[in-house]
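Peer 1: The following file, input.txt, comprises compact mmCIF, C-alpha atoms:
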```txt
# COMPACT_ATOMS: atom_id res chain seq x y z
CA MET A 34 4.47 11.05 -13.54
CA ARG A 35 7.16 9.77 -15.90
CA PRO A 36 7.94 6.45 -17.65
CA ALA A 37 9.28 3.77 -15.37
CA LEU A 38 12.88 2.67 -15.62
CA ALA A 39 12.92 -1.07 -15.12
CA ALA A 40 15.81 -2.68 -16.94
CA PRO A 41 16.17 -6.44 -16.52
CA HIS A 42 18.42 -7.65 -13.73
CA PRO A 43 19.76 -11.11 -14.68
CA GLY A 44 19.93 -13.50 -11.78
CA ARG A 45 17.55 -11.52 -9.60
CA THR A 46 14.03 -12.79 -9.11
CA GLY A 47 11.39 -10.72 -7.37
CA ARG A 48 8.24 -11.78 -5.61
CA VAL A 49 4.62 -11.37 -6.62
CA ILE A 50 2.33 -10.33 -3.77
CA ALA A 51 -1.40 -10.37 -4.53
CA ILE A 52 -3.86 -8.49 -2.36
CA ALA A 53 -7.44 -9.75 -2.24
CA SER A 54 -10.64 -9.40 -0.29
CA GLY A 55 -13.93 -11.22 -0.43
CA LYS A 56 -15.90 -7.97 -0.47
CA GLY A 57 -15.35 -4.36 -1.35
CA GLY A 58 -15.06 -1.50 1.08
CA VAL A 59 -12.29 -2.95 3.24
CA GLY A 60 -9.52 -0.63 1.99
CA LYS A 61 -7.80 -3.04 -0.38
CA THR A 62 -6.65 -0.54 -3.01
CA TRP A 63 -5.48 1.98 -0.43
CA PHE A 64 -3.54 -0.79 1.30
CA ALA A 65 -1.96 -1.96 -1.97
CA ILE A 66 -0.77 1.57 -2.74
CA THR A 67 0.62 2.09 0.74
CA LEU A 68 2.33 -1.30 0.85
CA ALA A 69 4.00 -0.62 -2.50
CA HIS A 70 5.16 2.77 -1.22
CA ALA A 71 6.44 1.27 2.04
CA MET A 72 8.43 -1.38 0.18
CA ALA A 73 9.92 1.27 -2.07
CA ARG A 74 10.99 3.22 1.02
CA LEU A 75 12.84 0.08 2.11
CA GLY A 76 14.92 0.30 -1.06
CA ARG A 77 12.99 -2.22 -3.15
CA ARG A 78 12.19 -1.72 -6.82
CA VAL A 79 8.41 -2.04 -6.70
CA LEU A 80 5.73 -2.41 -9.37
CA LEU A 81 2.09 -1.93 -8.41
CA VAL A 82 -0.32 -3.61 -10.86
CA ASP A 83 -3.96 -2.55 -10.73
CA ALA A 84 -5.72 -5.77 -11.68
CA ASP A 85 -9.05 -4.81 -10.14
CA LEU A 86 -10.62 -5.93 -13.38
CA GLY A 87 -13.38 -3.64 -14.60
CA LEU A 88 -13.35 -1.27 -11.62
CA ALA A 89 -9.73 -0.17 -11.39
CA ASN A 90 -9.05 2.84 -9.18
CA VAL A 91 -5.37 3.07 -8.26
CA ASP A 92 -5.10 5.96 -10.73
CA VAL A 93 -8.13 7.64 -9.17
CA GLN A 94 -6.75 7.38 -5.64
CA LEU A 95 -3.41 8.79 -6.77
CA GLY A 96 -4.86 11.45 -9.07
CA PHE A 97 -3.25 10.70 -12.44
CA GLN A 98 -4.33 9.69 -15.93
CA PRO A 99 -2.13 6.99 -17.48
CA ALA A 100 -1.25 7.11 -21.16
CA ARG A 101 -1.27 3.29 -21.18
CA ASP A 102 -2.79 0.75 -18.84
CA LEU A 103 -3.11 -2.98 -18.27
CA SER A 104 -5.35 -3.37 -21.29
CA ALA A 105 -2.43 -2.34 -23.54
CA VAL A 106 -0.29 -5.12 -22.07
CA ILE A 107 -3.12 -7.61 -22.55
CA ALA A 108 -3.62 -6.51 -26.16
CA GLY A 109 0.10 -6.81 -26.83
CA THR A 110 0.46 -3.17 -27.86
CA ALA A 111 2.78 -2.37 -24.94
CA THR A 112 5.21 -4.28 -22.77
CA GLU A 113 4.92 -4.07 -19.02
CA GLU A 114 7.92 -1.74 -19.03
CA ALA A 115 6.25 0.57 -21.55
CA ALA A 116 2.94 0.56 -19.68
CA ALA A 117 4.50 1.24 -16.28
CA ILE A 118 4.96 4.77 -15.03
CA ARG A 119 7.02 6.03 -12.11
CA HIS A 120 5.11 7.69 -9.27
CA PRO A 121 6.99 10.52 -7.54
CA ALA A 122 6.88 8.47 -4.34
CA GLY A 123 9.36 6.05 -5.90
CA PHE A 124 7.39 3.05 -7.12
CA ASP A 125 6.11 2.07 -10.57
CA ILE A 126 2.47 1.54 -11.56
CA ILE A 127 0.60 -0.30 -14.28
CA ALA A 128 -2.85 1.20 -14.06
CA GLY A 129 -6.13 -0.52 -14.82
CA ARG A 130 -8.99 0.82 -16.90
CA SER A 131 -10.85 3.02 -14.41
CA GLY A 132 -14.62 3.02 -14.67
CA SER A 133 -14.71 0.45 -17.45
CA GLY A 134 -16.11 -3.05 -17.58
CA ALA A 135 -13.73 -3.98 -20.38
CA LEU A 136 -11.52 -6.14 -18.19
CA ALA A 137 -14.21 -7.48 -15.89
CA ALA A 138 -14.72 -10.70 -17.84
CA LEU A 139 -11.02 -11.38 -18.37
CA ALA A 140 -10.62 -14.92 -19.62
CA GLY A 141 -8.88 -17.06 -22.20
CA PRO A 142 -5.87 -15.45 -23.92
CA ALA A 143 -6.35 -12.16 -22.06
CA LEU A 144 -6.10 -13.83 -18.66
CA GLU A 145 -3.14 -15.89 -19.83
CA ALA A 146 -1.44 -12.65 -20.93
CA VAL A 147 -1.75 -11.25 -17.40
CA LEU A 148 -0.49 -14.49 -15.86
CA ALA A 149 2.48 -14.54 -18.24
CA MET A 150 3.29 -10.91 -17.41
CA LEU A 151 3.73 -11.53 -13.68
CA PRO A 152 6.93 -13.63 -13.78
CA ARG A 153 8.40 -11.30 -16.40
CA ALA A 154 7.71 -8.37 -14.10
CA ALA A 155 9.22 -10.25 -11.16
CA ALA A 156 12.45 -10.55 -13.14
CA ARG A 157 12.66 -6.76 -13.42
CA TRP A 158 11.22 -5.54 -10.12
CA ASP A 159 11.98 -6.80 -6.61
CA ARG A 160 8.32 -6.76 -5.59
CA VAL A 161 5.24 -6.90 -7.80
CA VAL A 162 2.18 -5.89 -5.77
CA VAL A 163 -1.07 -6.88 -7.49
CA ASP A 164 -4.32 -5.21 -6.45
CA LEU A 165 -6.99 -7.78 -7.24
CA GLY A 166 -10.66 -7.03 -7.55
CA ALA A 167 -12.96 -7.91 -4.69
CA GLY A 168 -14.79 -11.18 -5.19
CA LEU A 169 -14.29 -14.83 -5.98
CA GLU A 170 -14.43 -15.03 -9.74
CA ALA A 171 -12.08 -17.16 -11.85
CA PRO A 172 -9.67 -14.37 -12.92
CA GLN A 173 -9.04 -13.29 -9.33
CA ARG A 174 -8.56 -16.90 -8.28
CA ARG A 175 -6.09 -17.66 -11.07
CA ILE A 176 -3.98 -14.58 -10.38
CA ALA A 177 -4.07 -15.18 -6.61
CA ALA A 178 -2.89 -18.76 -7.12
CA ALA A 179 -0.03 -17.55 -9.34
CA ALA A 180 1.29 -15.15 -6.69
CA ASP A 181 4.13 -16.05 -4.33
CA THR A 182 2.15 -14.60 -1.41
CA LEU A 183 -1.55 -13.83 -1.06
CA LEU A 184 -2.60 -11.18 1.45
CA VAL A 185 -6.30 -11.37 2.31
CA LEU A 186 -7.71 -8.17 3.78
CA ALA A 187 -10.46 -8.44 6.35
CA THR A 188 -12.17 -6.26 8.92
CA GLU A 189 -13.99 -7.23 12.09
CA GLU A 190 -17.38 -7.05 10.35
CA PRO A 191 -19.04 -10.50 10.14
CA THR A 192 -19.63 -10.19 6.38
CA SER A 193 -15.97 -9.36 5.81
CA LEU A 194 -14.85 -12.33 7.88
CA THR A 195 -17.17 -14.68 6.00
CA ASP A 196 -15.96 -13.43 2.64
CA ALA A 197 -12.30 -13.50 3.67
CA TYR A 198 -12.73 -17.12 4.74
CA ALA A 199 -14.23 -17.89 1.33
CA VAL A 200 -11.15 -16.40 -0.37
CA LEU A 201 -8.88 -18.51 1.83
CA LYS A 202 -10.93 -21.64 1.13
CA LEU A 203 -10.73 -21.19 -2.63
CA HIS A 204 -7.02 -20.39 -2.46
CA ALA A 205 -6.47 -23.60 -0.51
CA GLN A 206 -8.20 -25.50 -3.32
CA ASP A 207 -6.33 -23.68 -6.09
CA HIS A 208 -2.89 -23.67 -4.45
CA PRO A 209 -2.80 -26.10 -1.50
CA GLU A 210 0.81 -25.31 -0.63
CA GLY A 211 0.44 -21.58 -1.23
CA ASP A 212 1.46 -18.82 1.14
CA ALA A 213 -1.73 -17.05 2.27
CA ARG A 214 -1.73 -14.52 5.11
CA VAL A 215 -4.30 -12.22 6.70
CA VAL A 216 -4.17 -8.45 7.08
CA VAL A 217 -6.76 -7.00 9.43
CA ASN A 218 -7.66 -3.46 8.42
CA LEU A 219 -9.66 -0.77 10.22
CA ALA A 220 -8.94 -2.32 13.61
CA ALA A 221 -9.72 -0.44 16.79
CA ASP A 222 -6.32 -1.44 18.11
CA ALA A 223 -3.74 -4.21 17.77
CA ALA A 224 -5.54 -6.49 20.24
CA ALA A 225 -8.85 -6.18 18.39
CA GLY A 226 -7.08 -6.95 15.12
CA ALA A 227 -5.46 -10.02 16.64
CA ARG A 228 -8.87 -11.30 17.78
CA THR A 229 -10.26 -10.85 14.28
CA HIS A 230 -7.36 -12.84 12.85
CA GLN A 231 -7.78 -15.55 15.46
CA ALA A 232 -11.40 -16.09 14.39
CA LEU A 233 -10.30 -16.57 10.79
CA ALA A 234 -7.31 -18.70 11.74
CA ARG A 235 -9.46 -21.04 13.85
CA ALA A 236 -11.90 -21.55 10.98
CA ALA A 237 -9.05 -22.19 8.53
CA ALA A 238 -7.37 -24.66 10.87
CA THR A 239 -10.60 -26.51 11.63
CA PHE A 240 -12.15 -26.73 8.17
CA LEU A 241 -9.25 -26.22 5.78
CA ARG A 242 -6.49 -27.85 7.83
CA ARG A 243 -4.41 -24.83 6.95
CA ASP A 244 -2.29 -22.42 8.97
CA VAL A 245 -3.09 -18.83 8.00
CA PRO A 246 -0.67 -16.47 9.74
CA LEU A 247 -1.29 -12.84 10.54
CA ALA A 248 0.69 -10.53 8.24
CA GLY A 249 -0.28 -7.53 10.33
CA VAL A 250 -2.95 -5.24 11.77
CA VAL A 251 -3.69 -1.77 10.42
CA ARG A 252 -5.43 0.49 12.91
CA ARG A 253 -8.37 2.69 11.98
CA ASP A 254 -6.94 6.12 11.24
CA ALA A 255 -8.70 9.28 10.05
CA LYS A 256 -5.50 10.28 8.23
CA VAL A 257 -6.18 7.53 5.66
CA ARG A 258 -9.39 9.15 4.45
CA ASP A 259 -7.67 12.52 4.36
CA ALA A 260 -4.90 11.13 2.12
CA ILE A 261 -7.41 9.49 -0.22
CA ARG A 262 -9.45 12.69 -0.40
CA HIS A 263 -6.32 14.60 -1.41
CA GLN A 264 -5.25 11.84 -3.86
CA ALA A 265 -1.90 11.52 -2.11
CA PRO A 266 -0.02 8.49 -0.73
CA LEU A 267 -0.46 8.21 3.03
CA LEU A 268 3.29 7.86 3.59
CA THR A 269 3.81 11.17 1.82
CA ARG A 270 0.99 13.15 3.39
CA HIS A 271 0.96 11.63 6.91
CA PRO A 272 4.14 9.55 7.28
CA ALA A 273 4.03 9.48 11.09
CA CYS A 274 0.41 8.39 11.57
CA ALA A 275 -0.64 5.07 13.12
CA ALA A 276 -1.82 3.41 9.90
CA ALA A 277 1.41 4.39 8.13
CA ALA A 278 3.46 2.76 10.88
CA ASP A 279 1.35 -0.38 10.68
CA VAL A 280 1.75 -0.80 6.91
CA GLU A 281 5.48 -0.12 7.15
CA ALA A 282 5.71 -2.91 9.73
CA ILE A 283 3.93 -5.28 7.34
CA ALA A 284 6.31 -4.29 4.53
CA ARG A 285 9.31 -5.06 6.74
CA SER A 286 7.85 -8.43 7.74
CA LEU A 287 7.39 -9.40 4.08
CA GLY A 288 11.01 -8.57 3.34
```
Before anything else, please render the file you have as structure tokens.
Peer 2:
Amino acid sequence: MRPALAAPHPGRTGRVIAIASGKGGVGKTWFAITLAHAMARLGRRVLLVDADLGLANVDVQLGFQPARDLSAVIAGTATEEAAAIRHPAGFDIIAGRSGSGALAALAGPALEAVLAMLPRAAARWDRVVVDLGAGLEAPQRRIAAAADTLLVLATEEPTSLTDAYAVLKLHAQDHPEGDARVVVNLAADAAAGARTHQALARAAATFLRRDVPLAGVVRRDAKVRDAIRHQAPLLTRHPACAAAADVEAIARSLG
């Protein structure tokens, strides 16, 4: 790992893409890493921000120990450029504080510092991918509402669908005109993923009066667990597998 090189680019504004889920265990962090990698492979300058407050694990999944992390940016002891490091796969990372509860209750000036960082980062990187913590607390809601696009991960499990709907409902309250889309992970196949999305989309249309499009379906793939076990990006270790192809398709659709 080496320091990121992210000089400002006047006149160019990137996009902030937040990734959320109502519950843990749906593959959110793995998806955030892989999406950031896929966008970098498309030629984008990408920053991945681990904002899973209090239980950050991007660094754990990728097997590195950052010299600085998000807490340094919040404290004002480092800029986002200074805190970001370049992963060999070609994207930059601002890590969280793995295994610590220090950021779990982010509020007040600390939360405002994170919210202020996002547009600054979007002026320097083409895509800022934010891995939010699972759940429905105020910090996650505020950051999700500040993003240009919210991707809500869900699986076919009933509890995941219920929690994903809750995330969509709160986002509709916080940002009525916001761009929220669904990613179905761990799907048996594309058709099964589409059915899962349709169940969520019907509920959103009926009760929220909101169209929630499908960003994409990621098929269940044993290669994902292998990559996580080896602390390697999927697109590096298994670039031709089904899940890799699915995430790359999502990256292309997001532009």
Peer 1: Contacts of A:Val200 at 9 Å or less, counting only C-alpha atoms, minus same-chain residues fewer than 4 places along, as a PyMOL selection string?
Peer 2: chain A and resi 53-55+168-169+174+185+195-196+204-205
Peer 1: Suppose we keep C-alpha atoms; can you now write the selection as a compact mmCIF listing (two decimals), in the coordinates of the input?
Peer 2:
```
# COMPACT_ATOMS: atom_id res chain seq x y z
CA ALA A 53 -7.44 -9.75 -2.24
CA SER A 54 -10.64 -9.40 -0.29
CA GLY A 55 -13.93 -11.22 -0.43
CA GLY A 168 -14.79 -11.18 -5.19
CA LEU A 169 -14.29 -14.83 -5.98
CA ARG A 174 -8.56 -16.90 -8.28
CA VAL A 185 -6.30 -11.37 2.31
CA THR A 195 -17.17 -14.68 6.00
CA ASP A 196 -15.96 -13.43 2.64
CA HIS A 204 -7.02 -20.39 -2.46
CA ALA A 205 -6.47 -23.60 -0.51
```
Peer 1: Just the residues within 9 Å of A:Val217, please, counting all atoms listed in the file, with nothing from its chain fewer than 5 positions along; format it as a compact mmCIF listing (two decimals) with C-alpha atoms, in the coordinates of the input.
Peer 2:
```txt
# COMPACT_ATOMS: atom_id res chain seq x y z
CA VAL A 185 -6.30 -11.37 2.31
CA LEU A 186 -7.71 -8.17 3.78
CA ALA A 187 -10.46 -8.44 6.35
CA THR A 188 -12.17 -6.26 8.92
CA GLU A 189 -13.99 -7.23 12.09
CA GLY A 226 -7.08 -6.95 15.12
CA ALA A 227 -5.46 -10.02 16.64
CA THR A 229 -10.26 -10.85 14.28
CA HIS A 230 -7.36 -12.84 12.85
CA LEU A 247 -1.29 -12.84 10.54
CA ALA A 248 0.69 -10.53 8.24
CA GLY A 249 -0.28 -7.53 10.33
CA VAL A 250 -2.95 -5.24 11.77
CA VAL A 251 -3.69 -1.77 10.42
CA ARG A 252 -5.43 0.49 12.91
```
Peer 1: Go through stretch 111-230 of chain A and flag each residue having an atom no more than 12 Å from stretch 256-279 of chain A; for those, report the closest pair of atoms plus their distance in Å to one decimal, using only C-alpha atoms, ordered by chain and rising number, as a Markdown table.
Peer 2:
```
| residue | atom | partner | partner_atom | distance |
| --- | --- | --- | --- | --- |
| A:His120 | CA | A:Pro266 | CA | 10.0 |
| A:Pro121 | CA | A:Thr269 | CA | 9.9 |
| A:Ala122 | CA | A:Thr269 | CA | 7.4 |
| A:Gly123 | CA | A:Thr269 | CA | 10.8 |
| A:Phe124 | CA | A:Pro266 | CA | 11.2 |
| A:Val216 | CA | A:Asp279 | CA | 10.4 |
| A:Val217 | CA | A:Asp279 | CA | 10.5 |
| A:Asn218 | CA | A:Ala276 | CA | 9.1 |
| A:Leu219 | CA | A:Ala276 | CA | 8.9 |
| A:Ala220 | CA | A:Ala276 | CA | 9.9 |
| A:Ala221 | CA | A:Ala276 | CA | 11.2 |
| A:Asp222 | CA | A:Ala275 | CA | 10.0 |
| A:Ala223 | CA | A:Asp279 | CA | 9.5 |
| A:Gly226 | CA | A:Asp279 | CA | 11.6 |
```
Peer 1: Taking C-alpha atoms for each residue, export the selection above as a tab-separated table (two decimals), keeping the file's coordinate frame.
Peer 2:
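Okay, again31.tsv is ready:
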```tsv
chain	number	residue	atom	x	y	z
A	120	HIS	CA	5.11	7.69	-9.27
A	121	PRO	CA	6.99	10.52	-7.54
A	122	ALA	CA	6.88	8.47	-4.34
A	123	GLY	CA	9.36	6.05	-5.90
A	124	PHE	CA	7.39	3.05	-7.12
A	216	VAL	CA	-4.17	-8.45	7.08
A	217	VAL	CA	-6.76	-7.00	9.43
A	218	ASN	CA	-7.66	-3.46	8.42
A	219	LEU	CA	-9.66	-0.77	10.22
A	220	ALA	CA	-8.94	-2.32	13.61
A	221	ALA	CA	-9.72	-0.44	16.79
A	222	ASP	CA	-6.32	-1.44	18.11
A	223	ALA	CA	-3.74	-4.21	17.77
A	226	GLY	CA	-7.08	-6.95	15.12
```
Peer 1: For a quick check of understanding, using all atoms listed in the file, which of A:Gly166, A:Gly129, A:Gly141, A:Gly109 has the smallest distance to A:Ala51?
Peer 2: A:Gly166
Peer 1: To one decimal place, how far is atom CA of A:Leu183 from atom CA of A:Ile52 in Å?
Peer 2: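 It comes out at 6.0 Å.
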Peer 1: Step by step: start from the point (9.9, -13.7, -13.7) in the file's coordinates, keep every protein, DNA or RNA residue that has an atom no farther than 12 Å from it, count only C-alpha atoms, and write the set as number ranges by chain.
Peer 2: A: 41-49, 148-161, 179-181
Peer 1: Which protein, DNA or RNA residues have an atom at most 7 Å from (-14.4, -22.6, 6.6), counting all atoms listed in the file? List them as JSON, numbers by chain.
Peer 2: {"A": [198, 202, 236, 237, 240, 241]}
Peer 1: Between A:Thr182, A:Gln98, A:Gln173, A:Thr110, which residue has the minimum interatomic distance to A:Ala84, considering all atoms listed in the file?
Peer 2: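 Ranked by minimum distance to A:Ala84, first place goes to A:Gln173.
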